[in-house]
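Chemist: So here's work.pdb (PDB, C-alpha atoms).
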```pdb
ATOM      1  CA  MET A  14      57.618 326.767 -46.753
ATOM      2  CA  SER A  15      55.964 329.210 -49.137
ATOM      3  CA  SER A  16      52.734 330.958 -48.188
ATOM      4  CA  ALA A  17      50.866 329.008 -50.900
ATOM      5  CA  THR A  18      52.175 325.667 -49.607
ATOM      6  CA  SER A  19      51.368 326.656 -46.037
ATOM      7  CA  ARG A  20      47.811 327.559 -47.041
ATOM      8  CA  ARG A  21      47.296 324.235 -48.856
ATOM      9  CA  SER A  22      48.559 322.397 -45.769
ATOM     10  CA  SER A  23      46.188 324.365 -43.542
ATOM     11  CA  LEU A  24      43.231 323.604 -45.831
ATOM     12  CA  PHE A  25      44.090 319.899 -45.870
ATOM     13  CA  VAL A  26      44.131 319.824 -42.058
ATOM     14  CA  GLN A  27      40.746 321.584 -41.930
ATOM     15  CA  VAL A  28      39.145 319.072 -44.290
ATOM     16  CA  ARG A  29      40.715 316.090 -42.527
ATOM     17  CA  ASN A  30      39.734 317.291 -39.064
ATOM     18  CA  ALA A  31      36.163 318.125 -40.083
ATOM     19  CA  LEU A  32      35.614 314.679 -41.602
ATOM     20  CA  ARG A  33      37.364 312.979 -38.692
ATOM     21  CA  ALA A  34      35.092 314.810 -36.231
ATOM     22  CA  ASP A  35      32.008 313.723 -38.198
ATOM     23  CA  ILE A  36      33.192 310.096 -38.013
ATOM     24  CA  LEU A  37      34.211 310.054 -34.360
ATOM     25  CA  SER A  38      31.023 311.805 -33.252
ATOM     26  CA  GLY A  39      28.862 309.312 -35.143
ATOM     27  CA  HIS A  40      27.489 311.967 -37.497
ATOM     28  CA  LEU A  41      28.949 309.731 -40.185
ATOM     29  CA  PRO A  42      28.226 306.247 -38.779
ATOM     30  CA  PRO A  43      30.073 303.040 -39.699
ATOM     31  CA  GLU A  44      29.564 302.002 -43.335
ATOM     32  CA  ALA A  45      28.174 305.448 -44.224
ATOM     33  CA  ARG A  46      29.302 306.771 -47.582
ATOM     34  CA  LEU A  47      31.290 309.978 -47.392
ATOM     35  CA  PRO A  48      30.277 312.885 -49.637
ATOM     36  CA  SER A  49      31.784 312.676 -53.103
ATOM     37  CA  GLU A  50      34.991 314.524 -53.947
ATOM     38  CA  SER A  51      32.926 317.118 -55.849
ATOM     39  CA  GLU A  52      30.654 317.634 -52.843
ATOM     40  CA  LEU A  53      33.640 318.016 -50.526
ATOM     41  CA  ILE A  54      35.277 320.487 -52.912
ATOM     42  CA  ALA A  55      32.112 322.569 -52.877
ATOM     43  CA  ARG A  56      31.645 322.268 -49.123
ATOM     44  CA  PHE A  57      35.154 323.338 -48.159
ATOM     45  CA  GLY A  58      36.092 325.457 -51.154
ATOM     46  CA  VAL A  59      39.322 323.541 -51.733
ATOM     47  CA  SER A  60      41.023 321.771 -54.628
ATOM     48  CA  ARG A  61      40.592 318.117 -55.572
ATOM     49  CA  ILE A  62      44.206 317.467 -54.527
ATOM     50  CA  THR A  63      43.454 318.763 -51.019
ATOM     51  CA  VAL A  64      40.361 316.573 -50.716
ATOM     52  CA  ARG A  65      42.238 313.495 -51.889
ATOM     53  CA  GLN A  66      45.065 314.182 -49.470
ATOM     54  CA  ALA A  67      42.599 314.393 -46.574
ATOM     55  CA  LEU A  68      40.846 311.172 -47.638
ATOM     56  CA  ALA A  69      44.178 309.383 -48.031
ATOM     57  CA  GLU A  70      45.195 310.203 -44.463
ATOM     58  CA  LEU A  71      41.809 309.149 -43.080
ATOM     59  CA  GLN A  72      42.222 305.866 -44.922
ATOM     60  CA  ALA A  73      45.784 305.441 -43.633
ATOM     61  CA  ASN A  74      44.432 305.942 -40.105
ATOM     62  CA  GLY A  75      41.790 303.265 -40.616
ATOM     63  CA  LEU A  76      38.778 305.585 -40.410
ATOM     64  CA  VAL A  77      37.649 305.201 -44.017
ATOM     65  CA  ARG A  78      38.031 302.734 -46.861
ATOM     66  CA  THR A  79      37.852 303.588 -50.537
ATOM     67  CA  VAL A  80      36.110 301.372 -53.073
ATOM     68  CA  ASN A  81      37.004 302.024 -56.685
ATOM     69  CA  GLY A  82      34.041 303.411 -58.574
ATOM     70  CA  LYS A  83      31.874 303.678 -55.461
ATOM     71  CA  GLY A  84      33.554 306.226 -53.180
ATOM     72  CA  SER A  85      34.821 306.302 -49.608
ATOM     73  CA  PHE A  86      33.044 304.684 -46.655
ATOM     74  CA  VAL A  87      33.408 304.872 -42.868
ATOM     75  CA  THR A  88      34.996 301.721 -41.481
ATOM     76  CA  GLN A  89      33.562 299.622 -38.692
ATOM     77  CA  PRO A  90      35.229 300.107 -35.283
ATOM     78  CA  GLY A  91      37.350 297.112 -34.414
ATOM     79  CA  ARG A  92      37.892 296.317 -38.087
ATOM     80  CA  ARG A  93      41.672 296.552 -37.862
ATOM     81  CA  GLN A  94      42.941 293.679 -35.755
ATOM     82  CA  ALA A  95      46.576 292.935 -35.106
ATOM     83  CA  HIS A  96      47.771 289.380 -34.640
ATOM     84  CA  GLY A  97      49.158 288.826 -31.167
ATOM     85  CA  PRO A  98      48.384 289.847 -27.607
ATOM     86  CA  LEU A  99      47.493 293.441 -28.500
ATOM     87  CA  VAL A 100      44.272 292.850 -30.360
ATOM     88  CA  GLY A 101      42.707 289.622 -31.565
ATOM     89  CA  VAL A 102      44.555 287.260 -29.212
ATOM     90  CA  LEU A 103      41.549 284.944 -29.110
ATOM     91  CA  GLU A 104      41.326 284.879 -32.890
ATOM     92  CA  ALA A 105      45.085 284.316 -33.120
ATOM     93  CA  MET A 106      44.783 281.293 -30.841
ATOM     94  CA  ARG A 107      41.842 279.954 -32.850
ATOM     95  CA  MET A 108      43.947 280.195 -35.982
ATOM     96  CA  ARG A 109      46.404 277.881 -34.225
ATOM     97  CA  GLY A 110      43.626 275.341 -33.767
ATOM     98  CA  LEU A 111      42.813 276.054 -30.121
ATOM     99  CA  ARG A 112      39.380 276.647 -28.633
ATOM    100  CA  ALA A 113      39.882 280.139 -27.202
ATOM    101  CA  GLN A 114      37.552 282.092 -24.929
ATOM    102  CA  GLY A 115      37.666 284.915 -22.405
ATOM    103  CA  ARG A 116      36.044 285.583 -19.036
ATOM    104  CA  LEU A 117      35.590 288.701 -16.929
ATOM    105  CA  VAL A 118      37.153 287.865 -13.568
ATOM    106  CA  SER A 119      36.346 291.103 -11.757
ATOM    107  CA  PHE A 120      35.351 294.728 -12.170
ATOM    108  CA  LYS A 121      35.826 297.393  -9.521
ATOM    109  CA  HIS A 122      36.467 301.089  -9.024
ATOM    110  CA  VAL A 123      39.954 302.055  -7.887
ATOM    111  CA  PRO A 124      41.905 305.296  -7.380
ATOM    112  CA  ALA A 125      44.679 305.930  -9.892
ATOM    113  CA  THR A 126      48.128 305.119  -8.592
ATOM    114  CA  ARG A 127      51.046 307.386  -9.427
ATOM    115  CA  GLN A 128      52.042 305.043 -12.289
ATOM    116  CA  LEU A 129      48.511 304.849 -13.704
ATOM    117  CA  GLY A 130      48.255 308.613 -13.491
ATOM    118  CA  MET A 131      51.390 308.938 -15.588
ATOM    119  CA  GLU A 132      50.136 306.409 -18.139
ATOM    120  CA  LEU A 133      46.686 307.966 -18.495
ATOM    121  CA  GLY A 134      47.613 311.618 -18.035
ATOM    122  CA  ILE A 135      45.487 312.075 -14.911
ATOM    123  CA  GLU A 136      46.031 313.061 -11.287
ATOM    124  CA  ARG A 137      46.917 310.432  -8.730
ATOM    125  CA  GLY A 138      43.745 309.349  -6.910
ATOM    126  CA  THR A 139      41.449 309.983  -9.892
ATOM    127  CA  PRO A 140      38.672 307.322  -9.941
ATOM    128  CA  LEU A 141      39.148 304.569 -12.520
ATOM    129  CA  GLY A 142      37.382 301.377 -13.491
ATOM    130  CA  ALA A 143      39.548 298.233 -13.456
ATOM    131  CA  LEU A 144      38.612 295.082 -15.361
ATOM    132  CA  VAL A 145      40.476 291.812 -14.919
ATOM    133  CA  VAL A 146      40.003 289.400 -17.827
ATOM    134  CA  MET A 147      41.207 285.792 -18.128
ATOM    135  CA  ARG A 148      41.683 284.086 -21.485
ATOM    136  CA  TYR A 149      41.621 280.341 -22.031
ATOM    137  CA  GLY A 150      42.987 278.021 -24.698
ATOM    138  CA  ASP A 151      41.306 274.604 -24.776
ATOM    139  CA  GLY A 152      40.104 275.300 -21.255
ATOM    140  CA  THR A 153      43.542 276.191 -19.877
ATOM    141  CA  PRO A 154      44.105 279.757 -18.611
ATOM    142  CA  PHE A 155      46.993 281.280 -20.507
ATOM    143  CA  VAL A 156      46.521 285.072 -20.290
ATOM    144  CA  ILE A 157      45.340 287.326 -17.463
ATOM    145  CA  GLY A 158      45.253 291.085 -17.798
ATOM    146  CA  THR A 159      43.931 294.204 -16.112
ATOM    147  CA  THR A 160      42.591 297.167 -18.077
ATOM    148  CA  TRP A 161      42.065 300.582 -16.490
ATOM    149  CA  MET A 162      39.938 303.382 -17.943
ATOM    150  CA  ALA A 163      37.398 306.035 -16.923
ATOM    151  CA  PRO A 164      34.676 304.579 -14.635
ATOM    152  CA  GLY A 165      31.715 305.148 -16.975
ATOM    153  CA  PRO A 166      33.176 303.474 -20.064
ATOM    154  CA  ALA A 167      34.708 300.769 -17.868
ATOM    155  CA  ALA A 168      31.286 299.865 -16.449
ATOM    156  CA  THR A 169      29.844 299.703 -19.961
ATOM    157  CA  LEU A 170      32.734 297.499 -21.029
ATOM    158  CA  ALA A 171      32.247 295.191 -18.047
ATOM    159  CA  ALA A 172      28.646 294.646 -19.177
ATOM    160  CA  GLN A 173      29.821 293.450 -22.610
ATOM    161  CA  ASP A 174      30.103 289.768 -23.450
ATOM    162  CA  LEU A 175      33.848 289.159 -23.361
ATOM    163  CA  THR A 176      33.587 285.436 -24.019
ATOM    164  CA  ASP A 177      34.456 285.563 -27.708
ATOM    165  CA  GLN A 178      35.893 289.036 -28.246
ATOM    166  CA  ASP A 179      39.011 290.680 -26.932
ATOM    167  CA  VAL A 180      38.906 293.731 -24.680
ATOM    168  CA  THR A 181      40.297 296.103 -27.303
ATOM    169  CA  VAL A 182      37.730 294.969 -29.867
ATOM    170  CA  ALA A 183      34.945 295.271 -27.272
ATOM    171  CA  ILE A 184      36.064 298.833 -26.498
ATOM    172  CA  GLU A 185      35.706 299.839 -30.136
ATOM    173  CA  LEU A 186      32.575 297.833 -30.979
ATOM    174  CA  GLY A 187      30.703 298.124 -27.686
ATOM    175  CA  LEU A 188      31.751 301.604 -26.625
ATOM    176  CA  GLY A 189      32.186 303.130 -30.068
ATOM    177  CA  LEU A 190      35.668 304.371 -29.151
ATOM    178  CA  ARG A 191      38.290 304.361 -31.884
ATOM    179  CA  MET A 192      41.933 304.022 -30.962
ATOM    180  CA  ALA A 193      44.446 305.866 -33.126
ATOM    181  CA  ARG A 194      47.598 304.258 -31.734
ATOM    182  CA  THR A 195      48.843 301.989 -28.986
ATOM    183  CA  ARG A 196      52.163 302.107 -27.168
ATOM    184  CA  VAL A 197      53.465 298.652 -26.247
ATOM    185  CA  ARG A 198      56.115 297.454 -23.830
ATOM    186  CA  VAL A 199      57.021 293.767 -23.720
ATOM    187  CA  GLU A 200      59.298 292.141 -21.160
ATOM    188  CA  ALA A 201      60.151 288.700 -19.825
ATOM    189  CA  THR A 202      59.292 287.952 -16.209
ATOM    190  CA  LEU A 203      58.676 285.029 -13.859
ATOM    191  CA  ALA A 204      55.388 283.772 -12.442
ATOM    192  CA  THR A 205      54.751 284.767  -8.854
ATOM    193  CA  ALA A 206      52.865 282.364  -6.624
ATOM    194  CA  ARG A 207      49.631 284.241  -7.273
ATOM    195  CA  LEU A 208      50.065 284.327 -11.058
ATOM    196  CA  ALA A 209      51.023 280.657 -11.032
ATOM    197  CA  ARG A 210      47.749 279.813  -9.271
ATOM    198  CA  GLN A 211      45.698 281.988 -11.617
ATOM    199  CA  LEU A 212      47.289 280.585 -14.776
ATOM    200  CA  ALA A 213      47.596 276.952 -13.626
ATOM    201  CA  TYR A 214      51.312 277.346 -14.125
ATOM    202  CA  GLU A 215      54.511 276.672 -12.208
ATOM    203  CA  GLU A 216      55.813 279.307  -9.818
ATOM    204  CA  GLY A 217      58.962 280.818 -11.293
ATOM    205  CA  ALA A 218      58.075 279.754 -14.846
ATOM    206  CA  ALA A 219      58.564 282.184 -17.722
ATOM    207  CA  LEU A 220      55.882 284.764 -18.532
ATOM    208  CA  LEU A 221      55.514 287.512 -21.092
ATOM    209  CA  ARG A 222      54.419 290.798 -19.540
ATOM    210  CA  ILE A 223      52.789 293.177 -22.005
ATOM    211  CA  ARG A 224      51.874 296.729 -21.017
ATOM    212  CA  THR A 225      49.857 298.834 -23.438
ATOM    213  CA  THR A 226      48.463 302.349 -23.465
ATOM    214  CA  SER A 227      45.958 303.228 -26.180
ATOM    215  CA  TYR A 228      45.318 306.757 -27.438
ATOM    216  CA  ASP A 229      42.375 308.303 -29.265
ATOM    217  CA  TYR A 230      42.579 310.535 -32.338
ATOM    218  CA  ASP A 231      43.151 313.589 -30.143
ATOM    219  CA  ASP A 232      46.226 311.786 -28.774
ATOM    220  CA  LYS A 233      44.587 311.417 -25.373
ATOM    221  CA  PRO A 234      45.287 308.179 -23.466
ATOM    222  CA  VAL A 235      42.077 306.191 -23.043
ATOM    223  CA  THR A 236      43.108 302.823 -21.618
ATOM    224  CA  HIS A 237      46.090 301.223 -19.968
ATOM    225  CA  SER A 238      46.514 297.445 -19.675
ATOM    226  CA  ASP A 239      48.940 295.164 -17.882
ATOM    227  CA  THR A 240      48.840 291.587 -19.178
ATOM    228  CA  TYR A 241      50.667 288.386 -18.233
ATOM    229  CA  CYS A 242      50.923 285.516 -20.730
ATOM    230  CA  ARG A 243      52.124 281.942 -20.271
ATOM    231  CA  ALA A 244      55.294 281.613 -22.335
ATOM    232  CA  ASP A 245      54.541 277.971 -23.179
ATOM    233  CA  MET A 246      51.253 278.907 -24.871
ATOM    234  CA  MET A 247      51.712 282.458 -26.084
ATOM    235  CA  ASP A 248      54.239 284.150 -28.314
ATOM    236  CA  TYR A 249      54.394 287.738 -29.479
ATOM    237  CA  ARG A 250      54.169 288.373 -33.218
ATOM    238  CA  VAL A 251      54.399 291.714 -34.981
ATOM    239  CA  THR A 252      54.306 292.557 -38.665
ATOM    240  CA  LEU A 253      56.102 295.751 -39.573
ATOM    241  CA  HIS A 254      55.390 297.594 -42.822
ATOM    242  CA  SER A 255      58.028 299.907 -44.260
TER     243      SER A 255
END
```
Any chance you could put this one into structure tokens?

Modeler:
Amino acid sequence: MSSATSRRSSLFVQVRNALRADILSGHLPPEARLPSESELIARFGVSRITVRQALAELQANGLVRTVNGKGSFVTQPGRRQAHGPLVGVLEAMRMRGLRAQGRLVSFKHVPATRQLGMELGIERGTPLGALVVMRYGDGTPFVIGTTWMAPGPAATLAAQDLTDQDVTVAIELGLGLRMARTRVRVEATLATARLARQLAYEEGAALLRIRTTSYDYDDKPVTHSDTYCRADMMDYRVTLHS
């Protein structure tokens, strides 16, 4: 890489990171209009190409949206919703014609196990908040999951109304936390006696187990979830874009 190319890359990163910090800190709140390209050029002393490159990556990451003729605007947290058990499971079930709702089953403080420590990048024994949420389709429980995160945010999340919104959406909308990426592991398993009772299901019947870890824009793990879904009511759908 030439020195000129390296410098342009460095300038692009500076612009992107500065704007990202303004968005994540709330200095640029949701729906706020970003400074114009000319204003950003003057502010950072960079070329128009560099500014556009930074804006393009922020848009690709879901932090801004660009409206032709009007400029770029900060997106609302929770705006991007996947179809399936990751985000928007209640909405996905409603689209299938079911009456879908959620309920907070319990909230408590727990020490991180060795596995949770590995998932969240913390020491074993570190205090965590654990929320157990049940989801219903036409009154029948079909998903139960536990989400672990830092105690303070977890308590705030537990105070949110989780009847009509999924946990991941509530984290972004209620806590103002934006997730940059989520790692997902899906496996088939069988209902234990306890899960069968909780999900009004048959012991030994098929379940989908979905484990997710979500990371912020500094690539720091924020939440880890372990979710069990009735296989007769829930399927896993993913759309991949090349």

Chemist: Can you pull out the residues contacting range 182-189 of chain A? Cut-off 12 Å, using all atoms listed in the file, and skip same-chain residues under 4 positions away; I want them as a PyMOL selection string.

Modeler: chain A and resi 36-39+42-43+88-95+99-104+115+160-162+165-178+193+227+229+235-236

Chemist: Report the distance between CA of Thr225 in chain A and CA of Arg210 in chain A in Å, rounded to one decimal place.

Modeler: 23.8 Å

Chemist: As number ranges by chain, please: the residues near range 58-60 of chain A (cut-off 12 Å, all atoms listed in the file, same-chain neighbours under 2 positions excluded).

Modeler: A: 20-29, 50-56, 62-67

Chemist: What separation in Å, quoted to one decimal, exists between CA of Met192 in chain A and CA of Leu76 in chain A?

Modeler: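 Between CA of Met192 in chain A and CA of Leu76 in chain A the gap is 10.1 Å.
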
Chemist: May I ask which of the residues A:Pro164, A:Asp239, A:Met108, A:Val87 is the closest one to Pro124 in chain A, counting all atoms listed in the file?

Modeler: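 The answer is A:Pro164, which sits nearest to Pro124 in chain A.
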
Chemist: I'd like to know which of A:Gly217, A:Gly152, A:Tyr230, A:Met247 is closest to Arg33 in chain A, using all atoms listed in the file.

Modeler: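 Counting all atoms listed in the file, the residue closest to Arg33 in chain A is A:Tyr230.
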
Chemist: Find, counting all atoms listed in the file, the residue in A:Thr153, A:Thr195, A:Gln211, A:Thr226 that gets nearest to Arg112 in chain A.

Modeler: A:Thr153

Chemist: Return the single residue from A:Arg194, A:Lys121, A:Arg243, A:Ser238 that is closest to Asn74 in chain A, with distances computed using all atoms listed in the file.

Modeler: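 Among the listed residues, the smallest separation from Asn74 in chain A belongs to A:Arg194.
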
Chemist: Apply the PyMOL selection byres ((chain A and resi 135-138) around 6) to the displayed file and report the matching residues as a list in words.

Modeler: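 This file gives the following for the PyMOL selection byres ((chain A and resi 135-138) around 6): Pro124, Ala125, Thr126, Arg127, Gly130, Leu133, Gly134 and Thr139 of chain A.
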
Chemist: Mind listing as number ranges by chain all residues within 9 Å of (49.5, 285.6, -15.8), counting all atoms listed in the file?

Modeler: A: 147, 154-158, 204-205, 207-212, 214, 220-222, 240-243

Chemist: Residues of the last selection are to be written out with C-alpha atoms, as a PDB file, keeping the file's coordinate frame.

Modeler:
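Wrote again22.pdb, looks like this:
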```pdb
ATOM      1  CA  MET A 147      41.207 285.792 -18.128  1.00  0.00           C
ATOM      2  CA  PRO A 154      44.105 279.757 -18.611  1.00  0.00           C
ATOM      3  CA  PHE A 155      46.993 281.280 -20.507  1.00  0.00           C
ATOM      4  CA  VAL A 156      46.521 285.072 -20.290  1.00  0.00           C
ATOM      5  CA  ILE A 157      45.340 287.326 -17.463  1.00  0.00           C
ATOM      6  CA  GLY A 158      45.253 291.085 -17.798  1.00  0.00           C
ATOM      7  CA  ALA A 204      55.388 283.772 -12.442  1.00  0.00           C
ATOM      8  CA  THR A 205      54.751 284.767  -8.854  1.00  0.00           C
ATOM      9  CA  ARG A 207      49.631 284.241  -7.273  1.00  0.00           C
ATOM     10  CA  LEU A 208      50.065 284.327 -11.058  1.00  0.00           C
ATOM     11  CA  ALA A 209      51.023 280.657 -11.032  1.00  0.00           C
ATOM     12  CA  ARG A 210      47.749 279.813  -9.271  1.00  0.00           C
ATOM     13  CA  GLN A 211      45.698 281.988 -11.617  1.00  0.00           C
ATOM     14  CA  LEU A 212      47.289 280.585 -14.776  1.00  0.00           C
ATOM     15  CA  TYR A 214      51.312 277.346 -14.125  1.00  0.00           C
ATOM     16  CA  LEU A 220      55.882 284.764 -18.532  1.00  0.00           C
ATOM     17  CA  LEU A 221      55.514 287.512 -21.092  1.00  0.00           C
ATOM     18  CA  ARG A 222      54.419 290.798 -19.540  1.00  0.00           C
ATOM     19  CA  THR A 240      48.840 291.587 -19.178  1.00  0.00           C
ATOM     20  CA  TYR A 241      50.667 288.386 -18.233  1.00  0.00           C
ATOM     21  CA  CYS A 242      50.923 285.516 -20.730  1.00  0.00           C
ATOM     22  CA  ARG A 243      52.124 281.942 -20.271  1.00  0.00           C
TER      23      ARG A 243
END
```

Chemist: Which value, in Å to one decimal, gives the distance between CA of Ala113 in chain A and CA of Thr159 in chain A?

Modeler: 18.4 Å

Chemist: Pick the closest to Leu47 in chain A from A:Val77, A:Ala34, A:Ala69, A:Leu129: which is it, counting only C-alpha atoms?

Modeler: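 For Leu47 in chain A, the nearest of the given residues is A:Val77.
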
Chemist: List the residues selected by the PyMOL selection byres ((chain A and resi 120) around 8) in the file shown, writing them as a count of residues only.

Modeler: 11

Chemist: Just want the 12 Å neighbourhood of Phe86 in chain A, counted on all atoms listed in the file, with same-chain residues fewer than 6 positions away dropped. Output as a list in words.

Modeler: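 After dropping sequence-adjacent residues, the list is Leu32, Ile36, Leu41, Pro42, Pro43, Glu44, Ala45, Arg46, Leu47, Pro48, Ser49, Leu68, Leu71, Gln72, Gly75, Leu76, Val77, Arg78, Thr79 and Val80 of chain A.
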